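Below is run.pdb, which holds PDB, C-alpha atoms, pLDDT in the B column.
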```
ATOM      1  CA  MET A  24       0.000   0.000   0.000  1.00 49.00           C
ATOM      2  CA  ASP A  25       1.232   3.494  -0.802  1.00 49.00           C
ATOM      3  CA  ALA A  26       2.630   5.116   2.353  1.00 52.00           C
ATOM      4  CA  LEU A  27       0.875   8.349   1.360  1.00 69.00           C
ATOM      5  CA  SER A  28      -2.616   6.953   0.810  1.00 90.00           C
ATOM      6  CA  ARG A  29      -5.261   9.678   0.994  1.00 94.00           C
ATOM      7  CA  LEU A  30      -8.161   9.259   3.419  1.00 96.00           C
ATOM      8  CA  LEU A  31     -11.221  11.497   3.680  1.00 97.00           C
ATOM      9  CA  ILE A  32     -13.037  11.387   7.035  1.00 97.00           C
ATOM     10  CA  VAL A  33     -16.697  12.433   6.842  1.00 96.00           C
ATOM     11  CA  ASP A  34     -18.217  12.894  10.302  1.00 94.00           C
ATOM     12  CA  ASP A  35     -20.182  15.738  11.874  1.00 93.00           C
ATOM     13  CA  ASP A  36     -18.368  15.379  15.213  1.00 93.00           C
ATOM     14  CA  PRO A  37     -15.176  17.530  15.193  1.00 95.00           C
ATOM     15  CA  SER A  38     -13.666  15.584  18.098  1.00 94.00           C
ATOM     16  CA  VAL A  39     -14.072  12.281  16.244  1.00 93.00           C
ATOM     17  CA  ARG A  40     -12.524  13.757  13.106  1.00 94.00           C
ATOM     18  CA  ALA A  41      -9.597  15.152  15.083  1.00 95.00           C
ATOM     19  CA  MET A  42      -8.965  11.834  16.844  1.00 95.00           C
ATOM     20  CA  LEU A  43      -9.071   9.856  13.605  1.00 95.00           C
ATOM     21  CA  ARG A  44      -6.958  12.377  11.753  1.00 96.00           C
ATOM     22  CA  GLU A  45      -4.229  12.211  14.379  1.00 96.00           C
ATOM     23  CA  TYR A  46      -4.325   8.408  14.397  1.00 96.00           C
ATOM     24  CA  PHE A  47      -4.193   7.930  10.618  1.00 96.00           C
ATOM     25  CA  GLU A  48      -1.566  10.619  10.075  1.00 95.00           C
ATOM     26  CA  ALA A  49       0.579   8.761  12.610  1.00 95.00           C
ATOM     27  CA  HIS A  50       0.276   5.768  10.265  1.00 94.00           C
ATOM     28  CA  ALA A  51       1.501   7.667   7.184  1.00 92.00           C
ATOM     29  CA  PHE A  52      -1.874   8.647   5.690  1.00 95.00           C
ATOM     30  CA  THR A  53      -2.688  12.010   4.168  1.00 95.00           C
ATOM     31  CA  VAL A  54      -5.991  12.959   5.825  1.00 96.00           C
ATOM     32  CA  ALA A  55      -8.752  15.418   4.903  1.00 96.00           C
ATOM     33  CA  GLU A  56     -11.918  16.132   6.905  1.00 96.00           C
ATOM     34  CA  ALA A  57     -15.532  16.967   6.124  1.00 96.00           C
ATOM     35  CA  GLY A  58     -18.488  17.544   8.455  1.00 95.00           C
ATOM     36  CA  SER A  59     -21.260  17.230   5.868  1.00 94.00           C
ATOM     37  CA  GLY A  60     -22.074  16.118   2.351  1.00 94.00           C
ATOM     38  CA  VAL A  61     -21.433  19.609   1.009  1.00 94.00           C
ATOM     39  CA  GLN A  62     -17.977  19.697   2.559  1.00 95.00           C
ATOM     40  CA  MET A  63     -17.290  16.173   1.319  1.00 95.00           C
ATOM     41  CA  ARG A  64     -17.956  17.211  -2.281  1.00 94.00           C
ATOM     42  CA  GLU A  65     -15.730  20.260  -1.875  1.00 94.00           C
ATOM     43  CA  CYS A  66     -12.879  18.090  -0.581  1.00 94.00           C
ATOM     44  CA  ILE A  67     -13.246  15.625  -3.443  1.00 93.00           C
ATOM     45  CA  GLU A  68     -13.194  18.426  -6.006  1.00 90.00           C
ATOM     46  CA  ARG A  69      -9.878  19.613  -4.580  1.00 91.00           C
ATOM     47  CA  GLU A  70      -8.306  16.147  -4.394  1.00 91.00           C
ATOM     48  CA  LEU A  71      -9.741  12.674  -4.928  1.00 91.00           C
ATOM     49  CA  PRO A  72      -9.042  10.431  -1.912  1.00 94.00           C
ATOM     50  CA  ASP A  73      -8.152   6.753  -2.094  1.00 93.00           C
ATOM     51  CA  ALA A  74     -10.778   5.920   0.514  1.00 94.00           C
ATOM     52  CA  VAL A  75     -13.616   7.628   2.374  1.00 96.00           C
ATOM     53  CA  LEU A  76     -14.527   6.865   5.978  1.00 96.00           C
ATOM     54  CA  LEU A  77     -18.213   7.789   5.983  1.00 94.00           C
ATOM     55  CA  ASP A  78     -20.473   8.148   9.016  1.00 92.00           C
ATOM     56  CA  ILE A  79     -24.078   7.212   8.269  1.00 90.00           C
ATOM     57  CA  ARG A  80     -25.642   9.682  10.739  1.00 88.00           C
ATOM     58  CA  LEU A  81     -24.960  13.072   9.178  1.00 90.00           C
ATOM     59  CA  PRO A  82     -27.013  16.279   9.166  1.00 86.00           C
ATOM     60  CA  GLY A  83     -28.838  16.918   5.895  1.00 88.00           C
ATOM     61  CA  GLU A  84     -27.800  14.313   3.335  1.00 89.00           C
ATOM     62  CA  ASP A  85     -27.052  11.087   5.189  1.00 89.00           C
ATOM     63  CA  GLY A  86     -24.146   8.715   4.690  1.00 89.00           C
ATOM     64  CA  LEU A  87     -26.136   6.166   2.693  1.00 88.00           C
ATOM     65  CA  SER A  88     -27.083   8.633  -0.032  1.00 90.00           C
ATOM     66  CA  LEU A  89     -23.511   9.977  -0.047  1.00 92.00           C
ATOM     67  CA  ALA A  90     -22.153   6.433  -0.445  1.00 90.00           C
ATOM     68  CA  LYS A  91     -24.405   5.924  -3.462  1.00 86.00           C
ATOM     69  CA  TYR A  92     -23.243   9.254  -4.911  1.00 88.00           C
ATOM     70  CA  LEU A  93     -19.586   8.261  -4.482  1.00 89.00           C
ATOM     71  CA  ARG A  94     -19.975   4.769  -5.921  1.00 82.00           C
ATOM     72  CA  GLU A  95     -21.737   6.061  -9.042  1.00 79.00           C
ATOM     73  CA  ARG A  96     -18.964   8.558  -9.810  1.00 83.00           C
ATOM     74  CA  TYR A  97     -15.629   7.477  -8.362  1.00 84.00           C
ATOM     75  CA  ASP A  98     -13.426   4.419  -8.061  1.00 81.00           C
ATOM     76  CA  LEU A  99     -12.446   4.652  -4.404  1.00 89.00           C
ATOM     77  CA  GLY A 100     -12.854   2.736  -1.179  1.00 90.00           C
ATOM     78  CA  ILE A 101     -15.909   3.373   0.997  1.00 91.00           C
ATOM     79  CA  ILE A 102     -16.004   2.288   4.644  1.00 92.00           C
ATOM     80  CA  MET A 103     -19.280   3.017   6.437  1.00 89.00           C
ATOM     81  CA  VAL A 104     -19.451   3.812  10.155  1.00 87.00           C
ATOM     82  CA  THR A 105     -22.678   2.623  11.811  1.00 82.00           C
ATOM     83  CA  ALA A 106     -24.184   2.431  15.269  1.00 74.00           C
ATOM     84  CA  SER A 107     -23.658  -1.006  16.795  1.00 57.00           C
ATOM     85  CA  GLY A 108     -27.307  -2.072  16.514  1.00 59.00           C
ATOM     86  CA  ASP A 109     -28.115  -0.677  13.079  1.00 65.00           C
ATOM     87  CA  VAL A 110     -28.083  -3.923  11.087  1.00 69.00           C
ATOM     88  CA  ILE A 111     -30.386  -2.462   8.434  1.00 68.00           C
ATOM     89  CA  ASP A 112     -28.014   0.455   7.852  1.00 69.00           C
ATOM     90  CA  ARG A 113     -25.152  -1.972   7.312  1.00 67.00           C
ATOM     91  CA  VAL A 114     -27.175  -3.979   4.822  1.00 70.00           C
ATOM     92  CA  VAL A 115     -28.286  -0.895   2.889  1.00 72.00           C
ATOM     93  CA  GLY A 116     -24.758   0.502   2.958  1.00 70.00           C
ATOM     94  CA  LEU A 117     -23.416  -2.623   1.280  1.00 70.00           C
ATOM     95  CA  GLU A 118     -26.289  -2.562  -1.205  1.00 71.00           C
ATOM     96  CA  VAL A 119     -25.420   0.954  -2.371  1.00 75.00           C
ATOM     97  CA  GLY A 120     -21.787   0.004  -2.896  1.00 75.00           C
ATOM     98  CA  ALA A 121     -19.809   0.361   0.341  1.00 83.00           C
ATOM     99  CA  ASP A 122     -16.743  -1.877   0.514  1.00 83.00           C
ATOM    100  CA  ASP A 123     -16.908  -2.472   4.257  1.00 85.00           C
ATOM    101  CA  TYR A 124     -18.389  -1.152   7.478  1.00 85.00           C
ATOM    102  CA  ILE A 125     -17.418  -0.815  11.104  1.00 88.00           C
ATOM    103  CA  ALA A 126     -19.724  -0.339  14.085  1.00 86.00           C
ATOM    104  CA  LYS A 127     -19.349   2.220  16.872  1.00 85.00           C
ATOM    105  CA  PRO A 128     -17.677   2.088  19.279  1.00 86.00           C
ATOM    106  CA  PHE A 129     -14.651   0.771  17.392  1.00 89.00           C
ATOM    107  CA  ASP A 130     -10.990   0.171  18.076  1.00 92.00           C
ATOM    108  CA  PRO A 131      -8.871   2.436  15.822  1.00 92.00           C
ATOM    109  CA  ARG A 132      -6.572  -0.518  15.165  1.00 93.00           C
ATOM    110  CA  GLU A 133      -9.441  -2.517  13.675  1.00 92.00           C
ATOM    111  CA  LEU A 134     -10.500   0.479  11.603  1.00 93.00           C
ATOM    112  CA  LEU A 135      -6.940   0.888  10.304  1.00 93.00           C
ATOM    113  CA  ALA A 136      -6.841  -2.795   9.336  1.00 92.00           C
ATOM    114  CA  ARG A 137     -10.134  -2.492   7.454  1.00 89.00           C
ATOM    115  CA  VAL A 138      -9.041   0.642   5.598  1.00 92.00           C
ATOM    116  CA  LYS A 139      -5.779  -1.035   4.571  1.00 91.00           C
ATOM    117  CA  SER A 140      -7.655  -4.149   3.433  1.00 85.00           C
ATOM    118  CA  VAL A 141      -9.995  -2.103   1.229  1.00 86.00           C
ATOM    119  CA  LEU A 142      -7.050  -0.202  -0.271  1.00 87.00           C
ATOM    120  CA  ARG A 143      -5.174  -3.429  -1.032  1.00 83.00           C
ATOM    121  CA  ARG A 144      -8.178  -4.803  -2.912  1.00 74.00           C
ATOM    122  CA  LEU A 145      -8.561  -1.593  -4.889  1.00 73.00           C
ATOM    123  CA  GLN A 146      -4.885  -1.456  -5.805  1.00 72.00           C
ATOM    124  CA  ALA A 147      -4.978  -5.069  -6.975  1.00 60.00           C
ATOM    125  CA  LYS A 148      -7.425  -4.367  -9.793  1.00 53.00           C
ATOM    126  CA  PRO A 149      -6.557  -2.458 -12.991  1.00 45.00           C
ATOM    127  CA  PRO A 150      -7.508   1.263 -13.083  1.00 46.00           C
ATOM    128  CA  ALA A 151     -10.827   2.131 -14.705  1.00 43.00           C
ATOM    129  CA  GLY A 152     -10.368   2.697 -18.410  1.00 41.00           C
ATOM    130  CA  ALA A 153      -6.858   1.260 -18.476  1.00 42.00           C
ATOM    131  CA  ALA A 154      -5.882  -0.789 -21.510  1.00 40.00           C
ATOM    132  CA  THR A 155      -5.957  -4.489 -20.734  1.00 38.00           C
ATOM    133  CA  PRO A 156      -3.504  -6.767 -22.566  1.00 39.00           C
ATOM    134  CA  ALA A 157      -5.016  -9.490 -24.714  1.00 39.00           C
ATOM    135  CA  VAL A 158      -5.021 -12.864 -22.995  1.00 36.00           C
ATOM    136  CA  PRO A 159      -5.461 -16.350 -24.491  1.00 40.00           C
ATOM    137  CA  ALA A 160      -9.052 -17.571 -24.577  1.00 44.00           C
ATOM    138  CA  GLY A 161      -7.983 -20.620 -22.567  1.00 50.00           C
ATOM    139  CA  SER A 162      -7.305 -18.431 -19.549  1.00 72.00           C
ATOM    140  CA  ARG A 163     -11.022 -17.662 -19.231  1.00 85.00           C
ATOM    141  CA  GLN A 164     -13.191 -19.847 -17.055  1.00 90.00           C
ATOM    142  CA  ARG A 165     -16.896 -20.296 -17.487  1.00 92.00           C
ATOM    143  CA  PHE A 166     -19.105 -19.264 -14.577  1.00 94.00           C
ATOM    144  CA  GLY A 167     -22.830 -19.669 -15.164  1.00 93.00           C
ATOM    145  CA  ARG A 168     -23.779 -17.743 -18.289  1.00 92.00           C
ATOM    146  CA  CYS A 169     -20.561 -15.703 -18.143  1.00 93.00           C
ATOM    147  CA  GLU A 170     -16.831 -16.151 -18.524  1.00 93.00           C
ATOM    148  CA  LEU A 171     -14.309 -14.878 -15.984  1.00 93.00           C
ATOM    149  CA  ASP A 172     -10.848 -13.787 -17.079  1.00 91.00           C
ATOM    150  CA  VAL A 173      -9.004 -14.389 -13.817  1.00 87.00           C
ATOM    151  CA  ASP A 174      -5.740 -12.740 -14.872  1.00 85.00           C
ATOM    152  CA  ALA A 175      -7.436  -9.572 -16.172  1.00 86.00           C
ATOM    153  CA  ARG A 176     -10.078  -9.611 -13.391  1.00 86.00           C
ATOM    154  CA  ARG A 177     -12.854  -9.090 -15.946  1.00 89.00           C
ATOM    155  CA  LEU A 178     -16.239 -10.754 -16.442  1.00 92.00           C
ATOM    156  CA  PHE A 179     -17.862 -11.232 -19.855  1.00 94.00           C
ATOM    157  CA  GLU A 180     -21.250 -12.224 -21.239  1.00 91.00           C
ATOM    158  CA  ALA A 181     -21.416 -15.013 -23.819  1.00 87.00           C
ATOM    159  CA  ASP A 182     -21.558 -12.393 -26.601  1.00 89.00           C
ATOM    160  CA  GLY A 183     -18.326 -10.789 -25.375  1.00 89.00           C
ATOM    161  CA  ALA A 184     -19.887  -7.793 -23.615  1.00 91.00           C
ATOM    162  CA  GLU A 185     -18.138  -6.947 -20.358  1.00 91.00           C
ATOM    163  CA  VAL A 186     -20.104  -7.191 -17.110  1.00 91.00           C
ATOM    164  CA  ALA A 187     -19.207  -4.643 -14.431  1.00 87.00           C
ATOM    165  CA  MET A 188     -18.252  -6.181 -11.099  1.00 85.00           C
ATOM    166  CA  THR A 189     -16.782  -5.030  -7.817  1.00 78.00           C
ATOM    167  CA  ALA A 190     -13.523  -6.244  -6.297  1.00 75.00           C
ATOM    168  CA  MET A 191     -15.522  -8.239  -3.748  1.00 77.00           C
ATOM    169  CA  GLU A 192     -17.557  -9.940  -6.481  1.00 85.00           C
ATOM    170  CA  PHE A 193     -14.366 -10.919  -8.296  1.00 86.00           C
ATOM    171  CA  GLU A 194     -12.927 -12.422  -5.118  1.00 85.00           C
ATOM    172  CA  LEU A 195     -16.122 -14.427  -4.573  1.00 90.00           C
ATOM    173  CA  LEU A 196     -16.007 -15.757  -8.140  1.00 92.00           C
ATOM    174  CA  ARG A 197     -12.378 -16.758  -7.721  1.00 90.00           C
ATOM    175  CA  VAL A 198     -13.075 -18.581  -4.453  1.00 91.00           C
ATOM    176  CA  PHE A 199     -16.041 -20.438  -5.951  1.00 93.00           C
ATOM    177  CA  LEU A 200     -14.033 -21.475  -9.021  1.00 92.00           C
ATOM    178  CA  ALA A 201     -11.346 -22.909  -6.757  1.00 90.00           C
ATOM    179  CA  ASN A 202     -13.944 -24.901  -4.798  1.00 91.00           C
ATOM    180  CA  PRO A 203     -16.515 -26.386  -7.221  1.00 92.00           C
ATOM    181  CA  ASN A 204     -19.272 -28.575  -5.757  1.00 94.00           C
ATOM    182  CA  ARG A 205     -18.103 -27.775  -2.235  1.00 93.00           C
ATOM    183  CA  VAL A 206     -20.211 -26.090   0.430  1.00 94.00           C
ATOM    184  CA  LEU A 207     -18.570 -22.895   1.689  1.00 91.00           C
ATOM    185  CA  SER A 208     -19.862 -21.279   4.866  1.00 89.00           C
ATOM    186  CA  ARG A 209     -20.297 -17.529   5.241  1.00 84.00           C
ATOM    187  CA  ASP A 210     -17.344 -17.557   7.603  1.00 80.00           C
ATOM    188  CA  GLN A 211     -15.135 -19.257   5.005  1.00 83.00           C
ATOM    189  CA  LEU A 212     -16.209 -16.838   2.287  1.00 85.00           C
ATOM    190  CA  LEU A 213     -15.465 -13.798   4.441  1.00 77.00           C
ATOM    191  CA  MET A 214     -12.085 -15.169   5.490  1.00 75.00           C
ATOM    192  CA  HIS A 215     -11.157 -15.834   1.854  1.00 73.00           C
ATOM    193  CA  THR A 216     -12.361 -12.485   0.532  1.00 70.00           C
ATOM    194  CA  ARG A 217     -12.002 -10.024   3.415  1.00 59.00           C
ATOM    195  CA  ASN A 218      -9.714 -11.699   5.944  1.00 45.00           C
ATOM    196  CA  ARG A 219     -12.286 -11.433   8.698  1.00 47.00           C
ATOM    197  CA  GLU A 220     -14.752 -13.769  10.369  1.00 44.00           C
ATOM    198  CA  TRP A 221     -18.513 -13.746   9.895  1.00 42.00           C
ATOM    199  CA  GLU A 222     -20.476 -12.001  12.634  1.00 49.00           C
ATOM    200  CA  PRO A 223     -24.030 -12.889  13.710  1.00 45.00           C
ATOM    201  CA  PHE A 224     -26.593 -10.990  11.617  1.00 45.00           C
ATOM    202  CA  ASP A 225     -23.865  -9.964   9.139  1.00 52.00           C
ATOM    203  CA  ARG A 226     -25.646 -10.164   5.790  1.00 64.00           C
ATOM    204  CA  SER A 227     -22.830  -8.759   3.657  1.00 69.00           C
ATOM    205  CA  ILE A 228     -22.104 -12.108   1.986  1.00 77.00           C
ATOM    206  CA  ASP A 229     -25.803 -12.762   1.305  1.00 82.00           C
ATOM    207  CA  ILE A 230     -26.136  -9.330  -0.316  1.00 79.00           C
ATOM    208  CA  ARG A 231     -23.062  -9.849  -2.502  1.00 82.00           C
ATOM    209  CA  ILE A 232     -24.196 -13.332  -3.520  1.00 89.00           C
ATOM    210  CA  GLY A 233     -27.602 -11.951  -4.502  1.00 88.00           C
ATOM    211  CA  ARG A 234     -26.034  -9.280  -6.716  1.00 86.00           C
ATOM    212  CA  LEU A 235     -23.607 -11.804  -8.212  1.00 91.00           C
ATOM    213  CA  ARG A 236     -26.416 -14.218  -9.041  1.00 93.00           C
ATOM    214  CA  ARG A 237     -28.189 -11.552 -11.088  1.00 91.00           C
ATOM    215  CA  LYS A 238     -25.060 -11.277 -13.224  1.00 93.00           C
ATOM    216  CA  VAL A 239     -24.055 -14.926 -13.727  1.00 94.00           C
ATOM    217  CA  GLU A 240     -27.082 -17.176 -13.263  1.00 93.00           C
ATOM    218  CA  PRO A 241     -28.396 -18.699 -16.524  1.00 89.00           C
ATOM    219  CA  GLU A 242     -31.936 -17.732 -15.456  1.00 87.00           C
ATOM    220  CA  PRO A 243     -31.638 -15.029 -12.760  1.00 79.00           C
ATOM    221  CA  ALA A 244     -35.395 -14.867 -12.135  1.00 78.00           C
ATOM    222  CA  HIS A 245     -35.610 -18.575 -11.323  1.00 85.00           C
ATOM    223  CA  GLU A 246     -34.115 -20.855  -8.674  1.00 88.00           C
ATOM    224  CA  PRO A 247     -30.310 -20.425  -8.626  1.00 92.00           C
ATOM    225  CA  ARG A 248     -28.539 -23.238 -10.442  1.00 91.00           C
ATOM    226  CA  CYS A 249     -24.976 -21.952 -10.434  1.00 94.00           C
ATOM    227  CA  ILE A 250     -24.544 -20.544  -6.901  1.00 95.00           C
ATOM    228  CA  ARG A 251     -26.814 -22.649  -4.746  1.00 94.00           C
ATOM    229  CA  THR A 252     -27.889 -22.006  -1.179  1.00 93.00           C
ATOM    230  CA  VAL A 253     -27.277 -24.909   1.189  1.00 92.00           C
ATOM    231  CA  ARG A 254     -29.669 -24.447   4.084  1.00 89.00           C
ATOM    232  CA  ASN A 255     -27.963 -23.741   7.423  1.00 86.00           C
ATOM    233  CA  ALA A 256     -24.567 -24.307   5.832  1.00 90.00           C
ATOM    234  CA  GLY A 257     -23.674 -21.678   3.223  1.00 91.00           C
ATOM    235  CA  TYR A 258     -23.289 -21.625  -0.555  1.00 95.00           C
ATOM    236  CA  MET A 259     -22.056 -24.038  -3.208  1.00 95.00           C
ATOM    237  CA  TYR A 260     -20.835 -23.342  -6.744  1.00 95.00           C
ATOM    238  CA  VAL A 261     -22.134 -25.947  -9.218  1.00 94.00           C
ATOM    239  CA  PRO A 262     -20.424 -25.772 -12.642  1.00 91.00           C
ATOM    240  CA  GLN A 263     -22.881 -25.878 -15.545  1.00 80.00           C
ATOM    241  CA  ASP A 264     -22.548 -28.413 -18.358  1.00 68.00           C
TER     242      ASP A 264
END
```
Using structure tokens, write down the structure from this file.
Amino acid sequence: MDALSRLLIVDDDPSVRAMLREYFEAHAFTVAEAGSGVQMRECIERELPDAVLLDIRLPGEDGLSLAKYLRERYDLGIIMVTASGDVIDRVVGLEVGADDYIAKPFDPRELLARVKSVLRRLQAKPPAGAATPAVPAGSRQRFGRCELDVDARRLFEADGAEVAMTAMEFELLRVFLANPNRVLSRDQLLMHTRNREWEPFDRSIDIRIGRLRRKVEPEPAHEPRCIRTVRNAGYMYVPQD
């Protein structure tokens, strides 16, 4: 990870921003602060950060709508900050495109680890719009109605059209391809893709699987045939003939 990674902290509490700024600057980050959505946009116009630490409870435009705004326009990391009991907020945050979340109160060391993990995943994929070298057709692997180019980290329809996917979705596809016809628990999937254990009521994997199914299932509106749910156990990738 670049020692000068840029982090934007969006929180309406000045004391929280000051504490986090001091902590992250001590770990070689360049840090900017914003107390609202308006200030966030102003900061981004001046300099695009590598990641945004975004509190959900903000005056005016809340963190969920700001996360959606960011995901639609920029290729950066988004880590949501939620209250400990707000499971719905976490779910919605992941739905609108957040890369991860952390609940208050949190240990700054855990937050630092999550920010670094998100940045590593972002840096591992090619920049948006970058030219991708041609790769032999044999390097592509079929997944449902699509083909995954593992080396280029790109997903394609049968007609060759590219299917947009997130870094997390790519990691899930790669894990499933490496474990065909094997039941993988939510805990295993999170450890493989995010290096953290599954927490009770954590629906992040279920949300990602649902979005992935809409992209790769032969018949998305019907019972999943490619990524199957195994009741009380997890998910299983079943290669299609």
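Closest to Leu145 in chain A among A:Ser28, A:Ser88, A:Gln263, A:Ser162 is A:Ser28, based on only C-alpha atoms.
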### Of the listed residues A:Met191, A:Leu235, A:Ile228, A:Leu207, that which approaches Ala256 in chain A most closely, counting only C-alpha atoms
A:Leu207
### Point (-25.4, 10.4, -2.1), cut-off 12 Å, counting all atoms listed in the file, residues as an MDAnalysis selection string
chainID A and resid 59:61 63:64 77 79 81 83:97 116 119:121
### Message
Could you check the closest approach to Met188 in chain A for each of A:Arg237, A:Arg80, A:Lys139, A:Arg165 and tell me which residue wins, using all atoms listed in the file?
### Response
A:Arg237
### Task
Please evaluate the PyMOL selection byres ((chain A and resi 174) around 9) against the displayed coordinates and give the resulting residues as an MDAnalysis selection string.
chainID A and resid 158 162:163 171:173 175:177
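When all atoms listed in the file are used to compute distances to Val114 in chain A, the closest of the residues A:Arg231, A:Pro243, A:Arg29, A:Cys249 turns out to be A:Arg231.
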